[in-house]
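Colleague: Sharing a structure, written as structure tokens. Questions coming.
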There are 2 protein chains.
Amino acid sequence: MTVLLGFAFTLLTLGSCWGHQPDRLDQEPELAFQPSKYGSLWPLPQKVQISEVSFKLSSSSFRITDAKESGAGPSCSLLQQAYRRYFEYMFGDVKTQKLNKGLRTGPAELLELQVWITSPDSECDGYPTVSSDESYELSVDQPVSVLKAPKVWGALHGLETFSQLVYEDEYGAKSINATSVSDFPRFAHRGILLDSSRHFLPIKVILSNLETMAMHKFNVFHWHIVDDPSFPYLSRTFPDLSRKGAYHPYTHVYTPTDVKMVIEFARLRGIRVVSEFDTPGHTQSWGKGQPDLLTPCYAGSKPSGTFGPVNPILNSTYTFMRQFFKEVSTVFPDAYVHLGGDEVDFTCWKSNPDIQKFMEQQGFGQDYRKLESFYIQKLLDIVTATNKGYIIWQEVFDNGVKLKPDTLIHVWKGNQEKYQSEMANITSAGYQTLLSSPWYLNRISYGQDWPGYYKADPQDFKGTEKQKNLVIGGEACLWGEYVDATNLTPRLWPRASAVAERLWSAKEVTDITDAYSRLSVHRCRLVQRGVPAQPLSPSFCPHEYKGV
Amino acid sequence: MTVLLGFAFTLLTLGSCWGHQPDRLDQEPELAFQPSKYGSLWPLPQKVQISEVSFKLSSSSFRITDAKESGAGPSCSLLQQAYRRYFEYMFGDVKTQKLNKGLRTGPAELLELQVWITSPDSECDGYPTVSSDESYELSVDQPVSVLKAPKVWGALHGLETFSQLVYEDEYGAKSINATSVSDFPRFAHRGILLDSSRHFLPIKVILSNLETMAMHKFNVFHWHIVDDPSFPYLSRTFPDLSRKGAYHPYTHVYTPTDVKMVIEFARLRGIRVVSEFDTPGHTQSWGKGQPDLLTPCYAGSKPSGTFGPVNPILNSTYTFMRQFFKEVSTVFPDAYVHLGGDEVDFTCWKSNPDIQKFMEQQGFGQDYRKLESFYIQKLLDIVTATNKGYIIWQEVFDNGVKLKPDTLIHVWKGNQEKYQSEMANITSAGYQTLLSSPWYLNRISYGQDWPGYYKADPQDFKGTEKQKNLVIGGEACLWGEYVDATNLTPRLWPRASAVAERLWSAKEVTDITDAYSRLSVHRCRLVQRGVPAQPLSPSFCPHEYKGV
């Protein structure tokens with residue numbers, strides 16, 4: 001039984017070579033399904049060698065265990081929970097397993113996967129960070145396979161890889177081939193942005209998305225938690241912010257308990273939660289619960305009754321921000337907070353006579369970017385005092401704000417030419433950067449759009465090796481204007497899967513035909529795991545999605 | 001308590017006036033939410049007058065009953081089931097209702113909706129047809145409201161309208177305003193096309209879509225059941241067609257029982273099931289189970305091993321078609337069958353020496369459209385002999401095939417200019433027509449695309465009154481290349497809702513702002529009824545979708 005045969009029987013998708021169709025008004029280059037020699041691995045590990053020797057796995061005898069020498073034992077609940085999770089992915093619901101105890105095992109049966117944390121500090125109880133060691137080595141062999149990783153984070157990834165190597169042969173028997181894998185991520189920061197302001201996302205949606213992220217070795221959940229339309233974050237210090245700024249103060253908020261649950265659920269899957277509290281723009285909802293925070297706009301000589309960005313000229317603004325970000329720094333354990341800073345509209349500031357006076361006093365002339373920088377500078381100092389690093393959208397850099405050397409600059413604007421030159425500028429100034437421009441998944445279009453996401457490469461710009469090394473990763477963004485719990489999951493997956501491979505696998509992994517084959521099978525695996533990931537092309541899965 | 005207040009408390013979407021956003025690379029005209037004087041009615045009835053007098057409804061005392069004079073009594077299970085269904089939509093799960101028997105009713109309580117079928121033949125046990133009377137009159141008043149309709153079909157629509165008039169006041173009390181409605185459809189044929197060939201659609205998805213269609217007064221389910229990629233229709237006469245042509249002969253087929261269930265579920269909701277068996281193109285999957293049906297293609301002087309459209313020169317082809325469509329005519333009770341006829345590729349026919357010889361004998365020269373017409377002509381005769389009418393895609397008309405005068409021609413190609421001139425040509429030749437070109441909902445794009453669907457009007461072309469009257473309706477099409485059970489429902493709704501109103505409501509109902517308001521509330525109602533209809537804009541619903 002070879003791997004190829006195994007996958008051919010297990011799966012499943014067909015090339016879309018069906019001539020014209022009443023719905024195809026234009027033709028796309030067509031991808032044909034040919035089983036990959038890498039089976040359904042996604043994202044592709046850095047090094048993998050799959051032999052033709054196969055073993056069977058039985059749910060009654062197969063076990064995932066801690067290696068004797070492991071730095072993490074039964075007390076590491078992060079790993080123990082992961083063992084259960086991956087066992088279920090491989091064999092289905094544990095409670096309904098047949099018990100075959102006492103039966104002899106066959107000659108080619110894999111009985112055990114030993115997990116061996118090689119470092120004395122497994123980081124089992126810690127939080128993942130941007131410098132976490134996520135590497136692992138996996139040797140699938142009989143009778144015992146071994147998964148070695150310096151830290152639990154690599155072990156989690158190795159478990160996912162192991163589970164992806166398991167397939168059903170033509171008789172439905174669980175099988176795996178002798179394989180050796182040596183793996184680590186190309187980029188340290190591999191994120192998904194979700195937006196819970198334009199539409200409130202029930203906790204259940206966020207958690208199930210974290211689950212799916214872990215299946216892709218994504219390690220950052222960028223939580224764009226508040227914005228103009230609503231403020232669902234329940235602040236202990238300023239409860240009026242959500243009481244008045246959320247869509248509803250009870251049904252459409254994230255309580256401290258909710259936030260804790262999200263963070264812990266993410267941690268158990270090796271995922272950081274980076275919160276974004278975007279200012280001074282994108283703050284309409286903040287103004288409802290915090291009087292005087294926003295700038296009153298003027299119509300002629302009188303206030304118009306509407307409000308603009310955060311008011312940068314009042315001391316009370318900074319007092320508020322100091323208290324607010326102090327809370328944020330304790331609620332969110334991650335070393336970084338995303339401060340936004342994008343798209344500040346100057347119209348309202350320009351209309352306000354107090355702001356005009358302030359501009360004069362400061363000698364800013366008519367350059368409102370200087371006022372914006374003035375605000376941001378003070379905000380950065382406030383956040384620095386909480387011992388957090390910060391991420392900011394590219395405008396803050398573009399406007400020349402003085403930044404700490406370890407600032408992370410998030411590129412989101414422009415077409416390929418523009419974002420590549422932005423990446424070059426940022427890194428040539430010595431800053432670290434993150435790319436999102438090519439991965440705005442909220443922008444949908446007809447047909448297979450994943451190849452475009454797959455081809456974009458964050459290090460593809462004119463620059464030195466040193467500059468390239470300042471690119472620490474990227475994020476797929478699913479902004480929420482047209483997305484809520486009804487359509488989030490199928491819209492995100494498997495489109496974000498393409499980004500996952502780009503950010504994890506080696507730079508040279510660019511064969512789109514091979515990717516198509518692996519991704520087709522991977523998407524059926526997602527469906528089988530209960531994730532309503534949408535199809536790539538005319539095709540079928542052995543187990544179609546049922547949960548409608 | 002006025003209607004407007006009622007809706008303002010109940011609902012709840014917000015205008016998307018939130019300044020710039022990192023995901024908005026271009027600006028769209030923005031629609032602001034202002035409560036409509038028509039509440040959340042969708043599609044808007046032909047005549048409706050809502051007063052400011054409101055009544056309460058209590059789940060313990062409110063009843064839907066048969067009027068004494070009604071032509072349909074307790075034995076009409078179509079209506080009895082509809083009463084239960086609409087009671088549940090209005091009050092939630094019947095089983096969990098509080099019982100308040102014996103409590104006095106308030107002075108302004110609505111106790112009863114009497115349903116009165118005014119015709120002696122209610123058509124309760126029949127199937128809806130293109131000439132069914134779907135009209136109804138609804139008078140909401142105290143203590144008894146009356147829904148009058150000549151046939152059950154109108155009664156079903158009236159129940160939907162009644163349920164849409166019920167709202168919650170600010171204390172959560174179910175309320176309805178005194179209202180009078182007089183309603184009938186603008187077009188007789190209001191359809192949705194689903195494609196179960198490119199992806200298999202589990203029966204559950206099809207049924208729940210029929211349920212949602214009924215909420216929109218759609219009355220035709222166009223079931224594009226087979227096509228090139230797969231043949232999931234299990235034919236009793238030719239079981240090899242699905243045994244060899246389906247994605248899987250057991251898990252990915254529609255059995256006769258499945259098909260019956262779909263037809264009955266649809267009938268109970270006033271929906272016709274029009275099956276499409278598209279030939280001579282789009283038939284790759286047919287060839288697997290029916291040898292010699294398809295044309296062998298040639299590479300030079302030898303068969304290449306691939307196959308083209310149905311082979312039109314063999315007698316066996318017509319023997320097969322005669323038997324096959326005889327079965328289809330008994331399985332599907334509708335008076336029409338859709339015969340396809342679109343996008344026939346002549347390359348394979350041209351390559352085949354036997355076909356070349358036949359062309360010569362028939363004096364067709366090099367005009368393969370004549371060969372196509374030859375085939376279609378014979379097919380139409382075969383189907384006519386089964387006493388069915390037929391619908392065909394526009395190419396059959398374009399190619400000059402001789403058609404029966406009652407043929408329905410389905411327009412799907414081209415931009416506005418082209419489809420309008422096609423509609424003019426078809427109707428000027430005296431044929432009835434259906435429009436789909438502007439409603440290919442599989443073609444997705446970023447942002448609010450429903451206004452485009454809403455604005456398209458099937459009678460908007462140059463022609464006489466007589467020509468306009470030959471337009472019997474239209475269909476929204478959701479082709480299946482990129483759609484399966486994972487994403488079908490949120491992709492279809494509420495985008496298809498726009499088409500529903502265009503096809504039902506009066507021609508003059510074109511106010512996009514009013515439509516936006518009603519549709520926003522209607523989409524929240526869909527969510528509350530368990531339909532994952534996607535959002536229109538940044539907004540929230542009092543009850544967000546939970547079923548992820």
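Residues are referred to by chain and number: the chain letter is A, B, ... according to the order shown in the structure tokens, the number counts from 1 in that chain, and ligands are numbered separately from 1 in the order shown.
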Using only C-alpha atoms, select each residue of chain A with any atom at most 6 Å away from an atom of chain B, and give the selection as a VMD selection string.
Modeller: chain A and resid 18 198 to 199 228 443 to 446 481 to 482 485 to 487 490 532 534 to 535 537 to 539 545
Colleague: Could the residues in this selection be saved with C-alpha atoms as a PDB file, in the first residue's frame?
Modeller:
ATOM      1  CA  TRP A  18     -15.735  20.041 -17.772  1.00  0.00           C
ATOM      2  CA  ARG A 198     -18.599  45.752  12.425  1.00  0.00           C
ATOM      3  CA  HIS A 199     -20.393  42.570  13.376  1.00  0.00           C
ATOM      4  CA  ASP A 228     -16.345  52.765  14.785  1.00  0.00           C
ATOM      5  CA  ARG A 443     -12.389  41.162  -0.664  1.00  0.00           C
ATOM      6  CA  ILE A 444     -14.097  38.334  -2.484  1.00  0.00           C
ATOM      7  CA  SER A 445     -14.267  37.639  -6.188  1.00  0.00           C
ATOM      8  CA  TYR A 446     -15.572  34.891  -8.432  1.00  0.00           C
ATOM      9  CA  GLU A 481     -18.418  44.728   7.009  1.00  0.00           C
ATOM     10  CA  TYR A 482     -20.017  41.772   5.283  1.00  0.00           C
ATOM     11  CA  ALA A 485     -21.292  34.181  12.247  1.00  0.00           C
ATOM     12  CA  THR A 486     -23.458  33.217   9.262  1.00  0.00           C
ATOM     13  CA  ASN A 487     -20.652  33.257   6.699  1.00  0.00           C
ATOM     14  CA  PRO A 490     -16.595  29.219   4.757  1.00  0.00           C
ATOM     15  CA  PRO A 532     -17.453  24.234   6.898  1.00  0.00           C
ATOM     16  CA  GLN A 534     -15.810  25.945   1.155  1.00  0.00           C
ATOM     17  CA  PRO A 535     -14.852  23.984  -1.968  1.00  0.00           C
ATOM     18  CA  SER A 537     -13.542  23.581  -7.528  1.00  0.00           C
ATOM     19  CA  PRO A 538     -16.108  21.036  -8.749  1.00  0.00           C
ATOM     20  CA  SER A 539     -15.339  18.077  -6.526  1.00  0.00           C
ATOM     21  CA  TYR A 545     -20.560  18.774   5.298  1.00  0.00           C
TER      22      TYR A 545
END
Colleague: Env of Ser316 (chain A): 8 Å cut, atoms = only C-alpha atoms, seq-sep filter 3 positions within chain, self excluded. Answer as a CSV table (one decimal) with N, CA, C and O atoms, in the first residue's frame.
Modeller:
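Writing done, so here's part_14.csv:
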chain,number,residue,atom,x,y,z
A,293,LEU,N,-13.9,62.5,24.8
A,293,LEU,CA,-12.7,61.8,24.3
A,293,LEU,C,-12.5,62.1,22.8
A,293,LEU,O,-11.4,62.3,22.3
A,319,THR,N,-4.9,61.0,30.1
A,319,THR,CA,-5.2,60.4,31.4
A,319,THR,C,-6.1,59.1,31.2
A,319,THR,O,-5.8,58.0,31.7
A,320,PHE,N,-7.1,59.3,30.3
A,320,PHE,CA,-7.9,58.1,29.9
A,320,PHE,C,-7.1,57.0,29.3
A,320,PHE,O,-7.2,55.9,29.7
Colleague: If we count only C-alpha atoms and set the cut-off at 9 Å, which residues sit around Glu160 (chain A), ignoring sequence neighbours fewer than 6 positions away in its own chain? Please answer as a ChimeraX atom specification.
Modeller: /A:86,214-217
Colleague: Using DSSP on the backbone, list every residue of region 352-448 of chain B that comes out as helix (DSSP H, G or I), and give them as an MDAnalysis selection string.
Modeller: chainID B and resid 353:362 368:384 394:398 416:428 437:439
Colleague: Any idea what the distance is between CA of Tyr171 (chain B) and CA of Ser59 (chain B)?
Modeller: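 That distance, rounded to one decimal, is 15.5 Å.
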Colleague: Using only C-alpha atoms, which residue out of B:Phe364, B:Trp439, B:Phe62, B:Trp153 lies closest to Pro458 (chain B)?
Modeller: B:Trp439
Colleague: Here is a test: counting only C-alpha atoms, which residue of B:Lys388, B:Arg502, B:Lys370, B:Arg84 is nearest to Phe218 (chain B)?
Modeller: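 Using only C-alpha atoms, Phe218 (chain B) sits closest to B:Arg502.
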Colleague: Taking the backbone alone, and naming residues the way the document does, which bits of region 195-304 of chain B are strand (DSSP E) by DSSP, as a VMD selection string?
Modeller: chain B and resid 195 220 to 224 272 to 279 294 to 299 302 to 304
Colleague: Quick one: pull the distance between CA of Leu294 (chain A) and CA of Glu360 (chain A), Å, one decimal.
Modeller: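 Going from CA of Leu294 (chain A) over to CA of Glu360 (chain A) covers 20.2 Å.
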Colleague: At what distance in Å, to one decimal, does CA of Thr161 (chain B) lie from CA of Gly452 (chain B)?
Modeller: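 These two atoms are separated by 25.0 Å.
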Colleague: Tell me, as a PDB file with C-alpha atoms, in the first residue's frame, which residues lie within 12 Å of Asp511 (chain A), counting only C-alpha atoms; anything in the same chain fewer than 3 positions away does not count.
Modeller:
ATOM      1  CA  LEU A  31      -5.810  23.014 -12.098  1.00  0.00           C
ATOM      2  CA  SER A  36       0.891  14.788  -4.369  1.00  0.00           C
ATOM      3  CA  LEU A  44       4.159  21.550   3.859  1.00  0.00           C
ATOM      4  CA  PRO A 451      -3.536  31.001  -5.993  1.00  0.00           C
ATOM      5  CA  TYR A 454      -0.450  31.673  -2.353  1.00  0.00           C
ATOM      6  CA  LYS A 455       1.904  33.436  -4.742  1.00  0.00           C
ATOM      7  CA  GLU A 501       1.509  27.656   3.803  1.00  0.00           C
ATOM      8  CA  ARG A 502       3.170  30.807   2.487  1.00  0.00           C
ATOM      9  CA  SER A 505       6.735  26.508   4.478  1.00  0.00           C
ATOM     10  CA  ALA A 506      10.071  27.078   2.787  1.00  0.00           C
ATOM     11  CA  LYS A 507      10.333  29.927   0.310  1.00  0.00           C
ATOM     12  CA  GLU A 508      10.817  27.415  -2.500  1.00  0.00           C
ATOM     13  CA  ASP A 514       1.098  20.263  -5.981  1.00  0.00           C
ATOM     14  CA  ALA A 515      -0.446  22.806  -3.637  1.00  0.00           C
ATOM     15  CA  TYR A 516      -3.845  22.371  -5.300  1.00  0.00           C
ATOM     16  CA  SER A 517      -3.746  18.619  -4.771  1.00  0.00           C
ATOM     17  CA  ARG A 518      -2.730  18.833  -1.143  1.00  0.00           C
ATOM     18  CA  LEU A 519      -5.130  21.669  -0.430  1.00  0.00           C
TER      19      LEU A 519
END
Colleague: When you look at Ile263 (chain A) with a cut-off of 12 Å (counting only C-alpha atoms), what residues show up, excluding the ones that are within fewer than 4 positions of it in the same chain? I need them as a ChimeraX atom specification.
Modeller: /A:126-128,203,206-207,210,220-223,256-259,267-275,331-334
Colleague: Could you please take those selected residues and save N, CA and C atoms as a PDB file, in the first residue's frame?
Modeller:
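part-v8.pdb written:
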ATOM      1  N   GLY A 126       3.332  28.485  29.920  1.00  0.00           N
ATOM      2  CA  GLY A 126       3.590  29.853  29.476  1.00  0.00           C
ATOM      3  C   GLY A 126       2.721  30.241  28.288  1.00  0.00           C
ATOM      4  N   TYR A 127       2.967  31.432  27.822  1.00  0.00           N
ATOM      5  CA  TYR A 127       2.289  31.903  26.625  1.00  0.00           C
ATOM      6  C   TYR A 127       3.255  31.863  25.452  1.00  0.00           C
ATOM      7  N   PRO A 128       2.760  31.548  24.283  1.00  0.00           N
ATOM      8  CA  PRO A 128       3.656  31.621  23.120  1.00  0.00           C
ATOM      9  C   PRO A 128       4.041  33.076  22.852  1.00  0.00           C
ATOM     10  N   ILE A 203     -18.617  34.200  20.842  1.00  0.00           N
ATOM     11  CA  ILE A 203     -17.413  33.517  21.318  1.00  0.00           C
ATOM     12  C   ILE A 203     -17.213  32.171  20.614  1.00  0.00           C
ATOM     13  N   ILE A 206     -15.374  32.516  17.454  1.00  0.00           N
ATOM     14  CA  ILE A 206     -13.961  32.834  17.657  1.00  0.00           C
ATOM     15  C   ILE A 206     -13.191  31.583  18.067  1.00  0.00           C
ATOM     16  N   LEU A 207     -13.774  30.808  18.974  1.00  0.00           N
ATOM     17  CA  LEU A 207     -13.072  29.600  19.424  1.00  0.00           C
ATOM     18  C   LEU A 207     -12.935  28.591  18.281  1.00  0.00           C
ATOM     19  N   LEU A 210     -10.149  29.588  16.147  1.00  0.00           N
ATOM     20  CA  LEU A 210      -8.830  29.301  16.742  1.00  0.00           C
ATOM     21  C   LEU A 210      -8.466  27.826  16.511  1.00  0.00           C
ATOM     22  N   VAL A 220      -0.985  33.560  15.525  1.00  0.00           N
ATOM     23  CA  VAL A 220      -1.414  34.859  16.066  1.00  0.00           C
ATOM     24  C   VAL A 220      -2.878  35.105  15.701  1.00  0.00           C
ATOM     25  N   PHE A 221      -3.692  35.312  16.720  1.00  0.00           N
ATOM     26  CA  PHE A 221      -5.043  35.807  16.495  1.00  0.00           C
ATOM     27  C   PHE A 221      -5.032  37.312  16.757  1.00  0.00           C
ATOM     28  N   HIS A 222      -5.104  38.070  15.678  1.00  0.00           N
ATOM     29  CA  HIS A 222      -5.149  39.537  15.771  1.00  0.00           C
ATOM     30  C   HIS A 222      -6.623  39.911  15.951  1.00  0.00           C
ATOM     31  N   TRP A 223      -6.949  40.304  17.156  1.00  0.00           N
ATOM     32  CA  TRP A 223      -8.344  40.583  17.505  1.00  0.00           C
ATOM     33  C   TRP A 223      -8.620  42.074  17.367  1.00  0.00           C
ATOM     34  N   PRO A 256     -14.910  40.057  30.750  1.00  0.00           N
ATOM     35  CA  PRO A 256     -13.552  39.630  31.117  1.00  0.00           C
ATOM     36  C   PRO A 256     -13.405  38.102  31.075  1.00  0.00           C
ATOM     37  N   THR A 257     -14.436  37.402  31.476  1.00  0.00           N
ATOM     38  CA  THR A 257     -14.387  35.929  31.426  1.00  0.00           C
ATOM     39  C   THR A 257     -14.294  35.426  29.988  1.00  0.00           C
ATOM     40  N   ASP A 258     -15.077  36.036  29.112  1.00  0.00           N
ATOM     41  CA  ASP A 258     -15.005  35.654  27.690  1.00  0.00           C
ATOM     42  C   ASP A 258     -13.595  35.843  27.154  1.00  0.00           C
ATOM     43  N   VAL A 259     -13.023  36.996  27.455  1.00  0.00           N
ATOM     44  CA  VAL A 259     -11.692  37.312  26.929  1.00  0.00           C
ATOM     45  C   VAL A 259     -10.666  36.321  27.468  1.00  0.00           C
ATOM     46  N   ARG A 267      -3.962  29.832  23.792  1.00  0.00           N
ATOM     47  CA  ARG A 267      -2.685  29.399  24.356  1.00  0.00           C
ATOM     48  C   ARG A 267      -2.526  27.890  24.247  1.00  0.00           C
ATOM     49  N   LEU A 268      -3.604  27.167  24.547  1.00  0.00           N
ATOM     50  CA  LEU A 268      -3.545  25.700  24.495  1.00  0.00           C
ATOM     51  C   LEU A 268      -3.277  25.196  23.079  1.00  0.00           C
ATOM     52  N   ARG A 269      -3.433  26.063  22.108  1.00  0.00           N
ATOM     53  CA  ARG A 269      -3.174  25.708  20.713  1.00  0.00           C
ATOM     54  C   ARG A 269      -1.961  26.451  20.150  1.00  0.00           C
ATOM     55  N   GLY A 270      -1.177  27.047  21.038  1.00  0.00           N
ATOM     56  CA  GLY A 270       0.047  27.729  20.595  1.00  0.00           C
ATOM     57  C   GLY A 270      -0.203  29.033  19.876  1.00  0.00           C
ATOM     58  N   ILE A 271      -1.342  29.649  20.166  1.00  0.00           N
ATOM     59  CA  ILE A 271      -1.720  30.868  19.451  1.00  0.00           C
ATOM     60  C   ILE A 271      -1.703  32.072  20.387  1.00  0.00           C
ATOM     61  N   ARG A 272      -1.037  33.129  19.947  1.00  0.00           N
ATOM     62  CA  ARG A 272      -1.037  34.381  20.691  1.00  0.00           C
ATOM     63  C   ARG A 272      -2.312  35.170  20.369  1.00  0.00           C
ATOM     64  N   VAL A 273      -2.803  35.900  21.349  1.00  0.00           N
ATOM     65  CA  VAL A 273      -3.924  36.801  21.097  1.00  0.00           C
ATOM     66  C   VAL A 273      -3.403  38.232  21.177  1.00  0.00           C
ATOM     67  N   VAL A 274      -3.335  38.886  20.028  1.00  0.00           N
ATOM     68  CA  VAL A 274      -2.881  40.278  19.980  1.00  0.00           C
ATOM     69  C   VAL A 274      -4.112  41.147  19.788  1.00  0.00           C
ATOM     70  N   SER A 275      -4.402  41.947  20.797  1.00  0.00           N
ATOM     71  CA  SER A 275      -5.590  42.794  20.711  1.00  0.00           C
ATOM     72  C   SER A 275      -5.244  44.090  19.985  1.00  0.00           C
ATOM     73  N   VAL A 331      -4.961  42.589  30.963  1.00  0.00           N
ATOM     74  CA  VAL A 331      -5.944  41.625  30.459  1.00  0.00           C
ATOM     75  C   VAL A 331      -5.345  40.734  29.370  1.00  0.00           C
ATOM     76  N   PHE A 332      -4.561  41.333  28.496  1.00  0.00           N
ATOM     77  CA  PHE A 332      -3.966  40.579  27.394  1.00  0.00           C
ATOM     78  C   PHE A 332      -2.495  40.321  27.695  1.00  0.00           C
ATOM     79  N   PRO A 333      -2.130  39.061  27.924  1.00  0.00           N
ATOM     80  CA  PRO A 333      -0.763  38.758  28.338  1.00  0.00           C
ATOM     81  C   PRO A 333       0.285  38.941  27.238  1.00  0.00           C
ATOM     82  N   ASP A 334      -0.145  39.018  25.997  1.00  0.00           N
ATOM     83  CA  ASP A 334       0.848  39.068  24.926  1.00  0.00           C
ATOM     84  C   ASP A 334       1.750  40.295  25.073  1.00  0.00           C
TER      85      ASP A 334
END
Colleague: For each of B:Thr212, B:Pro296, B:Ala496, B:Val166, take the minimum atom-to-atom distance to Ala266 (chain B), counting only C-alpha atoms, then give the residue where this is smallest.
Modeller: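 The answer is B:Thr212, which sits nearest to Ala266 (chain B).
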Colleague: Neighbouring residues of Ser436 (chain B) were defined as those with any atom within 6 Å, considering only C-alpha atoms; residues of the same chain fewer than 5 positions away were excluded. Please report them as a list in words.
Modeller: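 So, after excluding close chain neighbours, the residues are Val411, Trp412, Gly474 and Glu475 of chain B.
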Colleague: As a list of chain:residue names, please: the residues near Tyr233 (chain A) (cut-off 7 Å, only C-alpha atoms, same-chain neighbours under 3 positions excluded).
Modeller: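 My list of contacting residues is A:Ile225, A:Val226, A:Ser242, A:Val253, A:Tyr254, A:Thr255.
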Colleague: Please, could you write that set of residues out with N, CA and C atoms as a PDB file, in the first residue's frame?
Modeller:
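Below you can see part.pdb, which holds the result:
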ATOM      1  N   ILE A 225     -10.823  44.231  17.953  1.00  0.00           N
ATOM      2  CA  ILE A 225     -11.968  44.000  18.839  1.00  0.00           C
ATOM      3  C   ILE A 225     -12.978  45.138  18.837  1.00  0.00           C
ATOM      4  N   VAL A 226     -12.507  46.365  18.672  1.00  0.00           N
ATOM      5  CA  VAL A 226     -13.417  47.522  18.646  1.00  0.00           C
ATOM      6  C   VAL A 226     -13.099  48.386  17.433  1.00  0.00           C
ATOM      7  N   SER A 242     -18.524  49.899  26.767  1.00  0.00           N
ATOM      8  CA  SER A 242     -19.359  48.886  26.118  1.00  0.00           C
ATOM      9  C   SER A 242     -20.832  49.069  26.475  1.00  0.00           C
ATOM     10  N   VAL A 253     -21.433  41.816  23.941  1.00  0.00           N
ATOM     11  CA  VAL A 253     -20.174  42.249  24.574  1.00  0.00           C
ATOM     12  C   VAL A 253     -19.303  41.034  24.880  1.00  0.00           C
ATOM     13  N   TYR A 254     -18.006  41.303  25.034  1.00  0.00           N
ATOM     14  CA  TYR A 254     -17.070  40.295  25.528  1.00  0.00           C
ATOM     15  C   TYR A 254     -16.730  40.634  26.971  1.00  0.00           C
ATOM     16  N   THR A 255     -17.165  39.789  27.882  1.00  0.00           N
ATOM     17  CA  THR A 255     -16.884  40.029  29.295  1.00  0.00           C
ATOM     18  C   THR A 255     -15.442  39.636  29.586  1.00  0.00           C
TER      19      THR A 255
END
